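Asks: The structure file model.cif (mmCIF, C-alpha atoms) is provided below.
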data_protein
loop_
_atom_site.label_atom_id
_atom_site.label_comp_id
_atom_site.auth_asym_id
_atom_site.auth_seq_id
_atom_site.Cartn_x
_atom_site.Cartn_y
_atom_site.Cartn_z
CA MET A 1 79.91 29.64 116.37
CA VAL A 2 80.87 28.67 119.88
CA ARG A 3 78.75 29.36 122.91
CA ILE A 4 79.55 28.84 126.56
CA ASP A 5 77.26 26.95 128.90
CA PHE A 6 77.81 29.14 131.92
CA ASN A 7 75.67 26.90 134.08
CA ARG A 8 78.43 24.30 133.83
CA LEU A 9 81.09 26.65 135.22
CA ARG A 10 81.96 27.48 138.80
CA PHE A 11 83.44 30.91 139.51
CA LEU A 12 85.35 32.38 142.42
CA ILE A 13 85.32 36.18 142.71
CA ILE A 14 87.97 37.81 144.89
CA ASP A 15 87.55 41.53 145.49
CA ASP A 16 87.69 43.58 148.67
CA ASN A 17 84.97 45.90 147.39
CA ALA A 18 81.46 44.61 148.10
CA HIS A 19 79.93 46.73 145.31
CA MET A 20 82.25 45.23 142.71
CA ARG A 21 81.54 41.70 143.95
CA ARG A 22 77.83 42.35 143.59
CA ILE A 23 78.29 43.69 140.05
CA LEU A 24 80.37 40.68 139.02
CA ARG A 25 77.90 38.25 140.55
CA THR A 26 75.05 39.99 138.72
CA LEU A 27 76.85 39.77 135.37
CA LEU A 28 77.78 36.11 135.86
CA HIS A 29 74.23 35.17 136.86
CA GLY A 30 73.06 37.13 133.82
CA PHE A 31 75.31 34.95 131.63
CA GLY A 32 73.63 31.91 133.16
CA THR A 33 76.10 30.88 135.88
CA ARG A 34 74.64 29.28 138.97
CA GLU A 35 77.72 28.69 141.07
CA VAL A 36 79.47 31.90 142.10
CA TYR A 37 81.56 32.05 145.24
CA GLU A 38 83.07 35.18 146.76
CA ALA A 39 86.05 36.13 148.90
CA GLU A 40 86.95 39.58 150.12
CA ASP A 41 90.72 39.40 150.20
CA GLY A 42 93.62 37.39 148.85
CA ALA A 43 93.97 35.12 151.87
CA ALA A 44 90.26 34.24 151.92
CA GLY A 45 90.49 33.86 148.15
CA LEU A 46 93.22 31.25 148.44
CA GLU A 47 91.18 29.37 151.01
CA GLY A 48 88.11 29.59 148.77
CA PHE A 49 90.15 28.34 145.83
CA THR A 50 91.13 25.22 147.76
CA HIS A 51 87.67 24.72 149.19
CA TYR A 52 85.47 25.32 146.13
CA SER A 53 87.81 24.19 143.29
CA PRO A 54 86.49 26.87 140.92
CA ASP A 55 86.75 26.48 137.15
CA ILE A 56 87.65 30.16 136.75
CA VAL A 57 89.03 32.73 139.20
CA ILE A 58 88.25 36.42 138.79
CA THR A 59 90.40 38.58 141.04
CA ASP A 60 90.97 42.23 141.75
CA TRP A 61 94.58 43.40 141.94
CA ALA A 62 94.58 46.08 144.63
CA MET A 63 93.55 44.54 147.93
CA PRO A 64 94.95 45.12 151.40
CA ILE A 65 97.65 42.80 152.82
CA PHE A 66 97.57 40.02 150.19
CA ASP A 67 96.83 41.34 146.71
CA GLY A 68 95.70 39.73 143.47
CA LEU A 69 99.20 39.47 142.08
CA GLU A 70 100.46 37.58 145.14
CA LEU A 71 97.39 35.37 144.99
CA THR A 72 98.13 34.52 141.35
CA GLN A 73 101.72 33.65 142.22
CA MET A 74 100.50 31.35 145.00
CA ILE A 75 98.02 29.56 142.74
CA ARG A 76 100.63 29.14 140.00
CA GLN A 77 103.07 27.28 142.22
CA PRO A 78 103.21 23.78 140.74
CA GLY A 79 102.43 21.21 143.39
CA ALA A 80 101.05 23.76 145.84
CA ASN A 81 97.44 23.03 145.01
CA THR A 82 95.20 20.76 142.95
CA ASN A 83 94.86 23.04 139.93
CA PRO A 84 97.77 25.39 139.15
CA TYR A 85 96.36 25.67 135.60
CA VAL A 86 93.12 27.35 136.61
CA PRO A 87 92.30 30.34 134.37
CA ILE A 88 92.78 33.60 136.27
CA ILE A 89 91.10 36.75 135.01
CA MET A 90 92.53 39.86 136.61
CA LEU A 91 90.00 42.66 136.77
CA THR A 92 91.65 45.87 137.82
CA GLY A 93 91.74 49.64 137.71
CA HIS A 94 95.49 49.45 137.10
CA SER A 95 96.07 50.04 133.42
CA GLU A 96 99.70 51.12 133.02
CA LYS A 97 101.95 49.09 130.72
CA LYS A 98 104.23 48.10 133.61
CA ARG A 99 101.26 46.72 135.53
CA VAL A 100 99.94 44.70 132.60
CA ILE A 101 103.37 43.14 132.11
CA SER A 102 103.69 42.33 135.83
CA ALA A 103 100.30 40.61 135.77
CA ARG A 104 101.27 38.63 132.69
CA ASP A 105 104.56 37.58 134.26
CA ALA A 106 102.81 36.45 137.45
CA GLY A 107 100.76 33.99 135.39
CA VAL A 108 97.49 35.84 134.87
CA THR A 109 95.49 34.33 131.98
CA GLU A 110 93.46 37.38 130.99
CA PHE A 111 93.60 41.04 131.98
CA LEU A 112 90.43 43.13 132.07
CA ALA A 113 90.63 46.83 132.85
CA LYS A 114 87.85 48.57 134.76
CA PRO A 115 85.28 49.92 134.14
CA ILE A 116 83.81 46.50 133.68
CA SER A 117 81.43 45.70 130.84
CA ALA A 118 79.32 42.61 130.20
CA LYS A 119 80.90 42.26 126.78
CA GLY A 120 84.48 42.55 128.06
CA LEU A 121 83.91 39.96 130.78
CA TYR A 122 82.10 37.58 128.40
CA GLN A 123 84.95 37.77 125.89
CA ARG A 124 87.56 36.96 128.54
CA VAL A 125 85.59 33.95 129.77
CA LEU A 126 84.99 32.79 126.19
CA ASN A 127 88.70 33.07 125.52
CA VAL A 128 89.84 31.02 128.49
CA VAL A 129 87.19 28.36 127.92
CA ALA A 130 87.22 28.01 124.14
CA ASN A 131 90.86 28.88 123.41
CA PRO A 132 92.95 27.61 126.31
CA ARG A 133 96.66 28.35 125.94
CA PRO A 134 99.40 25.85 126.77
CA PHE A 135 101.44 26.43 129.90
CA ILE A 136 105.15 27.19 129.89
CA ARG A 137 107.56 26.23 132.63
CA THR A 138 111.02 27.78 132.77
CA LYS A 139 113.43 28.40 135.64
CA SER A 140 111.70 31.67 136.39
CA TYR A 141 108.16 31.30 135.04
CA PHE A 142 105.20 28.98 135.26
CA GLY A 143 101.97 30.06 133.64
CA PRO A 144 100.02 30.43 130.41
CA ASP A 145 102.10 30.88 127.25
CA ARG A 146 102.86 34.59 127.08
CA ARG A 147 103.14 34.41 123.30
CA ARG A 148 99.58 34.69 122.19
CA ASN A 149 100.39 35.07 118.50
CA ALA A 150 103.29 34.32 116.19
CA ASN A 151 104.50 37.68 114.94
CA PRO A 152 105.83 37.31 111.37
CA ASN A 153 107.55 40.70 111.65
CA TYR A 154 109.52 39.83 114.78
CA ALA A 155 113.20 40.37 114.00
CA GLY A 156 114.84 39.70 117.39
CA PRO A 157 116.57 36.57 118.65
CA GLU A 158 114.64 33.41 119.56
CA ARG A 159 114.82 33.39 123.35
CA ARG A 160 113.46 29.89 123.84
CA LYS A 161 116.18 27.33 123.24
CA GLY A 162 116.23 23.69 122.39
CA GLY A 163 114.85 21.39 119.76
CA LYS A 164 111.64 19.51 119.89
CA ALA A 165 111.58 16.81 122.51
CA ASP A 166 109.35 13.85 123.08
CA VAL A 167 105.89 14.44 124.45
CA ILE A 168 105.68 12.88 127.87
CA LYS A 169 102.43 12.09 129.57
CA GLN A 170 102.89 13.40 133.05
CA GLN A 171 100.98 12.17 136.05
CA PRO A 172 99.29 15.05 137.86
CA LEU A 173 101.04 15.92 141.10
CA LEU A 174 98.00 15.20 143.19
CA ASP A 175 97.68 11.66 141.76
CA LYS A 176 101.41 11.18 142.21
CA ALA A 177 101.11 12.19 145.84
CA LYS A 178 98.20 9.81 146.30
CA THR A 179 100.02 6.85 144.78
CA THR A 180 103.24 7.46 146.70
CA ALA A 181 101.51 8.18 150.02
CA MET B 1 82.41 1.08 127.17
CA SER B 2 83.32 -1.08 130.17
CA GLU B 3 83.96 0.44 133.59
CA ALA B 4 87.68 -0.31 133.26
CA ASP B 5 87.83 1.38 129.83
CA SER B 6 85.96 4.36 131.19
CA THR B 7 88.35 4.67 134.16
CA MET B 8 91.32 4.45 131.80
CA SER B 9 89.84 7.11 129.55
CA ASP B 10 89.17 9.40 132.56
CA LYS B 11 92.75 8.92 133.69
CA LYS B 12 94.08 9.81 130.24
CA ALA B 13 91.96 12.94 130.18
CA SER B 14 93.44 14.09 133.48
CA LEU B 15 97.05 13.85 132.27
CA ALA B 16 98.98 16.88 131.13
CA ALA B 17 101.01 16.44 127.92
CA VAL B 18 104.49 17.82 128.42
CA SER B 19 107.00 18.67 125.66
CA THR B 20 110.46 19.20 127.06
CA PHE B 21 112.97 21.57 125.45
CA ALA B 22 116.44 22.69 126.48
CA ASP B 23 115.34 25.54 128.69
CA HIS B 24 111.58 25.21 128.97
CA GLU B 25 108.63 22.87 128.97
CA VAL B 26 105.40 23.28 127.07
CA ILE B 27 102.52 21.78 128.99
CA LEU B 28 99.07 21.05 127.61
CA PRO B 29 96.91 20.77 130.70
CA PRO B 30 93.79 18.62 130.61
CA ASN B 31 90.98 20.79 129.29
CA LYS B 32 88.46 20.57 132.11
CA LEU B 33 86.37 23.42 130.74
CA LYS B 34 85.62 21.70 127.43
CA LYS B 35 82.37 20.53 129.04
CA ALA B 36 81.08 24.11 128.84
CA VAL B 37 81.76 24.68 125.12
CA ARG B 38 78.77 24.27 122.85
CA LYS B 39 78.78 24.72 119.09
CA VAL B 40 75.71 26.49 117.72
CA HIS B 41 74.64 27.77 114.31
CA ASP B 42 75.25 31.43 113.49
CA THR B 43 71.51 31.84 113.20
CA ASP B 44 70.92 30.48 116.69
CA VAL B 45 70.17 33.65 118.64
CA GLU B 46 67.68 32.32 121.13
CA PHE B 47 69.81 33.50 124.04
CA ASP B 48 72.19 36.43 124.09
CA PRO B 49 74.18 36.15 127.34
CA VAL B 50 75.70 39.63 127.04
CA ALA B 51 72.30 41.29 126.57
CA LYS B 52 70.91 39.27 129.47
CA ALA B 53 73.79 40.34 131.73
CA GLU B 54 73.43 43.97 130.67
CA ALA B 55 69.74 43.83 131.52
CA ALA B 56 70.55 42.36 134.94
CA LEU B 57 73.08 45.15 135.53
CA ALA B 58 70.52 47.75 134.47
CA GLU B 59 68.16 46.42 137.15
CA LEU B 60 70.91 46.77 139.72
CA SER B 61 71.66 50.34 138.64
CA GLU B 62 68.92 51.73 140.89
CA ASP B 63 71.43 51.31 143.71
CA PHE B 64 74.37 52.96 141.95
CA SER B 65 73.81 56.53 143.18
CA ALA B 66 73.76 55.35 146.79
CA TRP B 67 76.86 53.22 146.19
CA MET B 68 78.69 56.17 144.64
CA GLY B 69 77.80 58.20 147.72
CA GLU B 70 79.21 55.49 149.99
CA GLU B 71 82.46 55.38 148.00
CA CYS B 72 82.74 59.18 148.30
CA ASP B 73 82.23 58.97 152.06
CA ARG B 74 85.00 56.37 152.23
CA LEU B 75 87.36 58.60 150.28
CA ASP B 76 86.49 61.58 152.45
CA ALA B 77 87.09 59.58 155.63
CA ALA B 78 90.47 58.42 154.31
CA ARG B 79 91.46 62.01 153.53
CA HIS B 80 90.47 63.15 157.04
CA ALA B 81 92.30 60.20 158.60
CA MET B 82 95.47 61.23 156.76
CA ARG B 83 95.10 64.83 157.91
CA ALA B 84 94.44 63.76 161.52
CA GLY B 85 96.92 60.90 161.80
CA GLY B 86 99.63 62.14 159.47
CA ILE B 87 101.03 60.54 156.36
CA ASN B 88 102.13 56.97 157.00
CA GLN B 89 101.90 53.67 155.15
CA GLY B 90 98.49 52.92 156.63
CA THR B 91 96.81 56.25 155.84
CA ARG B 92 98.47 56.33 152.42
CA ASP B 93 97.26 52.83 151.49
CA THR B 94 93.73 53.48 152.76
CA LEU B 95 93.46 56.66 150.71
CA PHE B 96 94.92 54.94 147.64
CA LEU B 97 92.52 51.98 147.81
CA ALA B 98 89.52 54.31 148.23
CA ALA B 99 90.59 56.40 145.21
CA HIS B 100 91.44 53.30 143.21
CA ASP B 101 88.01 51.74 143.75
CA ILE B 102 86.34 54.97 142.62
CA LYS B 103 88.56 55.10 139.55
CA GLY B 104 87.37 51.61 138.57
CA GLN B 105 83.69 51.97 139.46
CA ALA B 106 82.66 55.56 138.75
CA SER B 107 81.87 54.96 135.08
CA THR B 108 79.81 51.87 135.92
CA PHE B 109 77.91 53.93 138.48
CA GLY B 110 77.13 56.56 135.85
CA PHE B 111 79.75 59.18 136.79
CA PRO B 112 82.44 58.82 134.12
CA LEU B 113 83.93 62.26 134.82
CA VAL B 114 84.73 61.21 138.38
CA ALA B 115 87.03 58.44 137.10
CA PRO B 116 89.82 60.70 135.71
CA VAL B 117 89.88 62.72 138.94
CA ALA B 118 90.24 59.55 140.98
CA ASP B 119 92.85 58.30 138.52
CA SER B 120 94.84 61.50 138.95
CA LEU B 121 94.69 61.10 142.74
CA CYS B 122 95.90 57.48 142.45
CA ARG B 123 98.83 58.62 140.32
CA LEU B 124 99.71 61.33 142.82
CA ILE B 125 99.73 58.87 145.73
CA GLU B 126 101.43 56.01 143.90
CA HIS B 127 104.19 57.91 142.11
CA THR B 128 105.30 60.40 144.74
CA PRO B 129 108.56 58.73 145.74
CA ASP B 130 108.81 60.27 149.20
CA MET B 131 105.37 59.95 150.75
CA SER B 132 106.12 62.58 153.37
CA ARG B 133 106.09 65.06 150.48
CA LEU B 134 102.53 64.17 149.42
CA PRO B 135 100.80 67.56 149.02
CA LEU B 136 97.74 67.51 151.28
CA ALA B 137 96.24 70.57 149.60
CA LEU B 138 96.30 68.85 146.20
CA ILE B 139 94.82 65.70 147.75
CA ASP B 140 92.02 67.83 149.21
CA GLN B 141 91.35 69.36 145.82
CA HIS B 142 90.98 65.93 144.26
CA VAL B 143 88.66 64.65 146.99
CA ASP B 144 86.57 67.83 146.89
CA ALA B 145 86.33 67.58 143.09
CA VAL B 146 85.06 63.99 143.32
CA ARG B 147 82.52 65.05 145.91
CA ALA B 148 81.42 68.09 143.89
CA ILE B 149 80.85 66.13 140.67
CA VAL B 150 78.81 63.50 142.51
CA THR B 151 76.85 66.00 144.64
CA ARG B 152 75.88 68.00 141.56
CA ASN B 153 74.78 64.68 140.06
CA THR B 154 76.91 65.31 136.98
CA ARG B 155 76.22 62.15 135.04
CA GLY B 156 77.50 61.32 131.61
CA ASP B 157 80.64 62.79 130.10
CA SER B 158 79.40 66.03 128.59
CA ASP B 159 79.72 68.48 131.49
CA ALA B 160 82.39 70.96 130.36
CA ASN B 161 83.17 72.28 133.85
CA ALA B 162 83.69 68.84 135.33
CA ALA B 163 85.87 67.85 132.36
CA ARG B 164 87.95 71.03 132.74
CA LEU B 165 88.35 70.44 136.47
CA ALA B 166 89.52 66.86 135.87
CA GLN B 167 91.99 68.00 133.22
CA LYS B 168 93.38 70.77 135.41
CA LEU B 169 93.95 68.42 138.35
CA ARG B 170 95.71 65.96 136.07
CA THR B 171 97.97 68.69 134.67
CA VAL B 172 98.95 69.99 138.12
CA THR B 173 99.53 66.43 139.35
CA ASP B 174 101.73 65.55 136.37
CA GLU B 175 103.79 68.71 136.90
CA PHE B 176 104.25 67.79 140.56
CA LEU B 177 105.22 64.21 139.67
CA ALA B 178 107.65 65.40 136.99
CA TYR B 179 109.41 67.50 139.62
CA GLU B 180 109.40 64.83 142.34
CA ASN B 181 110.72 62.22 139.93
CA ARG B 182 113.24 64.47 138.22
CA ASP B 183 116.09 62.15 139.25
CA ARG B 184 114.28 59.02 138.02
CA PRO B 185 113.96 59.47 134.25
CA ASP B 186 113.01 55.81 133.57
CA HIS B 187 110.24 55.88 136.13
CA LEU B 188 109.04 59.23 134.85
CA GLU B 189 108.87 57.94 131.30
CA ALA B 190 106.92 54.88 132.45
CA ILE B 191 104.34 56.85 134.41
CA LEU B 192 103.83 59.40 131.66
CA SER B 193 103.38 56.77 128.93
CA PRO B 194 99.82 55.96 127.85
CA ALA B 195 97.89 53.07 129.39
CA ILE B 196 97.72 49.85 127.37
CA ALA B 197 95.30 47.77 129.38
CA PRO B 198 92.50 46.12 127.39
CA GLY B 199 88.98 46.93 128.55
#
Rewrite the structure of this file - the entire thing - as structure tokens.
Replies:
Amino acid sequence: MVRIDFNRLRFLIIDDNAHMRRILRTLLHGFGTREVYEAEDGAAGLEGFTHYSPDIVITDWAMPIFDGLELTQMIRQPGANTNPYVPIIMLTGHSEKKRVISARDAGVTEFLAKPISAKGLYQRVLNVVANPRPFIRTKSYFGPDRRRNANPNYAGPERRKGGKADVIKQQPLLDKAKTTA
Amino acid sequence: MSEADSTMSDKKASLAAVSTFADHEVILPPNKLKKAVRKVHDTDVEFDPVAKAEAALAELSEDFSAWMGEECDRLDAARHAMRAGGINQGTRDTLFLAAHDIKGQASTFGFPLVAPVADSLCRLIEHTPDMSRLPLALIDQHVDAVRAIVTRNTRGDSDANAARLAQKLRTVTDEFLAYENRDRPDHLEAILSPAIAPG
């Protein structure tokens, strides 16, 4: 059995609603987390992301001006920040199929529909920590692999093309910038 | 391990492994969160983080009635602002965000029958294609219903009147949306399909 040491994780909560931030903070402290940072909109969230380098981001979707989806797209821009791979858990009242797909396509790692529960949040954190997914980069997408499972009954065409290539160790962009500066 | 070996090993750990294919790359980022994974025996139940978090939330719940009241006031103010200032992007968004927050929080605060009313109001605001046609009377009915359920302190999900009220508002809203979106069959199908979000 796997257990998470929450006291070794740093969280950033981004939600414009103070009540929801308090609830999230309470749950995370209950799990054993010590480091929880908060931001009340997407812009402050992006600043907090750069400043605090959180291990996991939990963001609301619906926020004024700069929402959680836009924030995710900003974080997932390769080269734009130190950690485009950071797990992003989107906690939202939006539950329609179209919304879930939009969040997935923006690069969200896990989707958690409100109302929030301790169990639901714990499972999402456990998933991103214990079962990290590879990232996929295409012309139009950069984010966690959207194929969670291999479906043996899938009968459609294979949309990903190309044979297996060599595995290349790639220098992180930040290190590259440091060495070329 | 020497310092040089250790530095080399740290460097290796920070590299992403990239497999390149014809039209995509598969990247295995360095697993920085591995530090937090601990293997324990199935019998090791000395600490249940979910139970601990639930207990912490239960302690906080003393404040939930007051918080629900504050969210209702916010929704009410947004409704009045729309009536006073007219329907525009600003008043529409403010009303939507207030309703959306209630939709997501009402069950946590102990008012699960408020959530479907707020959900219905969100759908009305979000899926009316021409916002100038938003029916203020139907908006009022939603806001008043939220207020009534909270004021009567209707907790839990067993109050038949509150459930009937929520259902009726949803039915009227869906009929209105079906008419307003009659020329957008794809959109209509999408908004009338069931939710799939995992909770």
Asks: Neighbouring residues of A:Ser102 were defined as those with any atom within 9 Å, considering all atoms listed in the file; residues of the same chain fewer than 5 positions away were excluded. Please report them as a PyMOL selection string.
Replies: chain A and resi 69+97+107
Asks: Dump as a tab-separated table the rows for residues of chain B within 6 Å of chain A: closest atom pair and distance in Å with one decimal, all atoms listed in the file counted, ordered by chain and rising residue number.
Replies:
residue	atom	partner	partner_atom	distance
B:Leu15	CA	A:Gln171	CA	5.7
B:Ala16	CA	A:Gln170	CA	5.6
B:Ala17	CA	A:Lys169	CA	4.9
B:Val18	CA	A:Ile168	CA	5.1
B:Ser19	CA	A:Val167	CA	4.5
B:Thr20	CA	A:Ala165	CA	5.3
B:Phe21	CA	A:Gly162	CA	4.9
B:Ala22	CA	A:Gly162	CA	4.2
B:Asp23	CA	A:Lys161	CA	5.8
B:His24	CA	A:Thr138	CA	4.6
B:Glu25	CA	A:Arg137	CA	5.1
B:Val26	CA	A:Ile136	CA	4.8
B:Ile27	CA	A:Phe135	CA	4.9
B:Leu28	CA	A:Pro134	CA	4.9
B:Leu33	CA	A:Val129	CA	5.7
B:Ala36	CA	A:Asp5	CA	4.8
B:Val37	CA	A:Ile4	CA	4.9
B:Arg38	CA	A:Arg3	CA	5.1
B:Lys39	CA	A:Val2	CA	4.5
B:Val40	CA	A:Met1	CA	5.4
B:His41	CA	A:Met1	CA	6.0
B:Asp42	CA	A:Met1	CA	5.8
B:Pro49	CA	A:Phe31	CA	4.6
B:Val50	CA	A:Ala118	CA	5.7
B:Lys52	CA	A:Gly30	CA	5.3
B:Ala53	CA	A:Gly30	CA	3.9
B:Ala56	CA	A:Gly30	CA	5.9
B:Gly104	CA	A:Gly93	CA	4.9
B:Gln105	CA	A:Pro115	CA	5.9
B:Ala195	CA	A:Glu96	CA	4.5
B:Ile196	CA	A:Lys97	CA	5.4
B:Ala197	CA	A:Ser95	CA	4.7
B:Pro198	CA	A:Ala113	CA	5.8
B:Gly199	CA	A:Ala113	CA	4.6
Asks: Selection from above, C-alpha atoms, as a compact mmCIF listing (two decimals), in the coordinates of the input, can you write it?
Replies:
# COMPACT_ATOMS: atom_id res chain seq x y z
CA LEU B 15 97.05 13.85 132.27
CA ALA B 16 98.98 16.88 131.13
CA ALA B 17 101.01 16.44 127.92
CA VAL B 18 104.49 17.82 128.42
CA SER B 19 107.00 18.67 125.66
CA THR B 20 110.46 19.20 127.06
CA PHE B 21 112.97 21.57 125.45
CA ALA B 22 116.44 22.69 126.48
CA ASP B 23 115.34 25.54 128.69
CA HIS B 24 111.58 25.21 128.97
CA GLU B 25 108.63 22.87 128.97
CA VAL B 26 105.40 23.28 127.07
CA ILE B 27 102.52 21.78 128.99
CA LEU B 28 99.07 21.05 127.61
CA LEU B 33 86.37 23.42 130.74
CA ALA B 36 81.08 24.11 128.84
CA VAL B 37 81.76 24.68 125.12
CA ARG B 38 78.77 24.27 122.85
CA LYS B 39 78.78 24.72 119.09
CA VAL B 40 75.71 26.49 117.72
CA HIS B 41 74.64 27.77 114.31
CA ASP B 42 75.25 31.43 113.49
CA PRO B 49 74.18 36.15 127.34
CA VAL B 50 75.70 39.63 127.04
CA LYS B 52 70.91 39.27 129.47
CA ALA B 53 73.79 40.34 131.73
CA ALA B 56 70.55 42.36 134.94
CA GLY B 104 87.37 51.61 138.57
CA GLN B 105 83.69 51.97 139.46
CA ALA B 195 97.89 53.07 129.39
CA ILE B 196 97.72 49.85 127.37
CA ALA B 197 95.30 47.77 129.38
CA PRO B 198 92.50 46.12 127.39
CA GLY B 199 88.98 46.93 128.55
Asks: Once the PyMOL selection byres ((chain B and resi 89) around 12) has been evaluated on this model, what residues remain selected, and can you format them as a list in words?
Replies: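 So the PyMOL selection byres ((chain B and resi 89) around 12), applied here, picks out Pro64 and Ile65 of chain A; Met82, Gly85, Gly86, Ile87, Asn88, Gly90, Thr91, Arg92, Asp93, Thr94, Leu95, Phe96, Ile125, Glu126, Asp130, Met131, Ser132 and Leu134 of chain B.
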Asks: What is the distance, in Å and to one decimal place, between atom CA of B:Leu97 and atom CA of B:Ala77?
Replies: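 Atom CA of B:Leu97 sits 12.2 Å away from atom CA of B:Ala77.
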Asks: With distances taken over all atoms listed in the file, which residue among B:Thr151, B:Ala84, B:Glu71, B:Phe47 lies nearest B:Ala98?
Replies: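 For B:Ala98, the nearest of the candidates is B:Glu71.
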Asks: Please indicate the distance in Å from atom CA of B:Leu169 to atom CA of B:Pro135, rounded to one decimal place.
Replies: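 According to the coordinates, atom CA of B:Leu169 and atom CA of B:Pro135 are separated by 12.7 Å.
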Asks: Could you give me the centre and size, in Å to one decimal, of an axis-aligned box around all listed atoms of stretch 176-195 of chain B with 8 Å added on every side, as JSON?
Replies:
{"center_x": 107.0, "center_y": 60.4, "center_z": 135.1, "size_x": 34.2, "size_y": 30.7, "size_z": 30.5}
Asks: Please measure the separation of atom CA of B:His127 and atom CA of B:Leu177, giving the value in Å to one decimal.
Replies: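 So the answer is 6.8 Å.
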Asks: Taking the file as I've supplied it (selection: the PyMOL selection byres ((chain B and resi 146) around 9)), which residues are included? Please answer as a list in words.
Replies: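 Applying the PyMOL selection byres ((chain B and resi 146) around 9) to the structure shown produces Cys72, Leu113, Val114, Ala115, Val117, Ala118, Gln141, His142, Val143, Asp144, Ala145, Arg147, Ala148, Ile149, Val150 and Thr151 of chain B.
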Asks: Which neighbours of B:Val172 fall inside 12 Å, counting all atoms listed in the file, when residues of the same chain fewer than 2 positions from it are skipped, and could you give them as number ranges by chain?
Replies: B: 117, 120-121, 123-124, 135, 137-139, 141-142, 165-170, 174-179
Asks: Kindly resolve the PyMOL selection byres ((chain B and resi 155-160) around 6) on the present coordinates and return the residues as number ranges by chain.
Replies: B: 110-113, 153-154, 161-163
Asks: Can you give me N, CA and C atoms for stretch 104-118 of chain A, written as a compact mmCIF listing (two decimals), in the frame of the given file?
Replies:
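Final output, part-v2.txt:
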# COMPACT_ATOMS: atom_id res chain seq x y z
N ARG A 104 100.97 39.69 133.65
CA ARG A 104 101.27 38.63 132.69
C ARG A 104 102.38 37.73 133.23
N ASP A 105 103.41 38.36 133.78
CA ASP A 105 104.56 37.58 134.26
C ASP A 105 104.27 36.81 135.55
N ALA A 106 103.20 37.21 136.24
CA ALA A 106 102.81 36.45 137.45
C ALA A 106 102.00 35.21 137.07
N GLY A 107 101.52 35.17 135.82
CA GLY A 107 100.76 33.99 135.39
C GLY A 107 99.28 34.24 135.20
N VAL A 108 98.89 35.53 135.12
CA VAL A 108 97.49 35.84 134.87
C VAL A 108 97.11 35.40 133.45
N THR A 109 95.92 34.82 133.30
CA THR A 109 95.49 34.33 131.98
C THR A 109 94.92 35.46 131.13
N GLU A 110 94.07 36.26 131.72
CA GLU A 110 93.46 37.38 130.99
C GLU A 110 93.46 38.61 131.88
N PHE A 111 93.58 39.77 131.26
CA PHE A 111 93.60 41.04 131.98
C PHE A 111 92.40 41.85 131.51
N LEU A 112 91.62 42.35 132.44
CA LEU A 112 90.43 43.13 132.07
C LEU A 112 90.44 44.42 132.88
N ALA A 113 90.55 45.54 132.16
CA ALA A 113 90.63 46.83 132.85
C ALA A 113 89.22 47.33 133.20
N LYS A 114 89.10 47.92 134.38
CA LYS A 114 87.85 48.57 134.76
C LYS A 114 87.74 49.89 134.00
N PRO A 115 86.58 50.40 133.69
CA PRO A 115 85.28 49.92 134.14
C PRO A 115 84.86 48.64 133.44
N ILE A 116 84.21 47.80 134.20
CA ILE A 116 83.81 46.50 133.68
C ILE A 116 82.63 46.64 132.71
N SER A 117 82.60 45.76 131.72
CA SER A 117 81.43 45.70 130.84
C SER A 117 81.06 44.23 130.67
N ALA A 118 79.78 43.99 130.40
CA ALA A 118 79.32 42.61 130.20
C ALA A 118 80.07 41.99 129.03
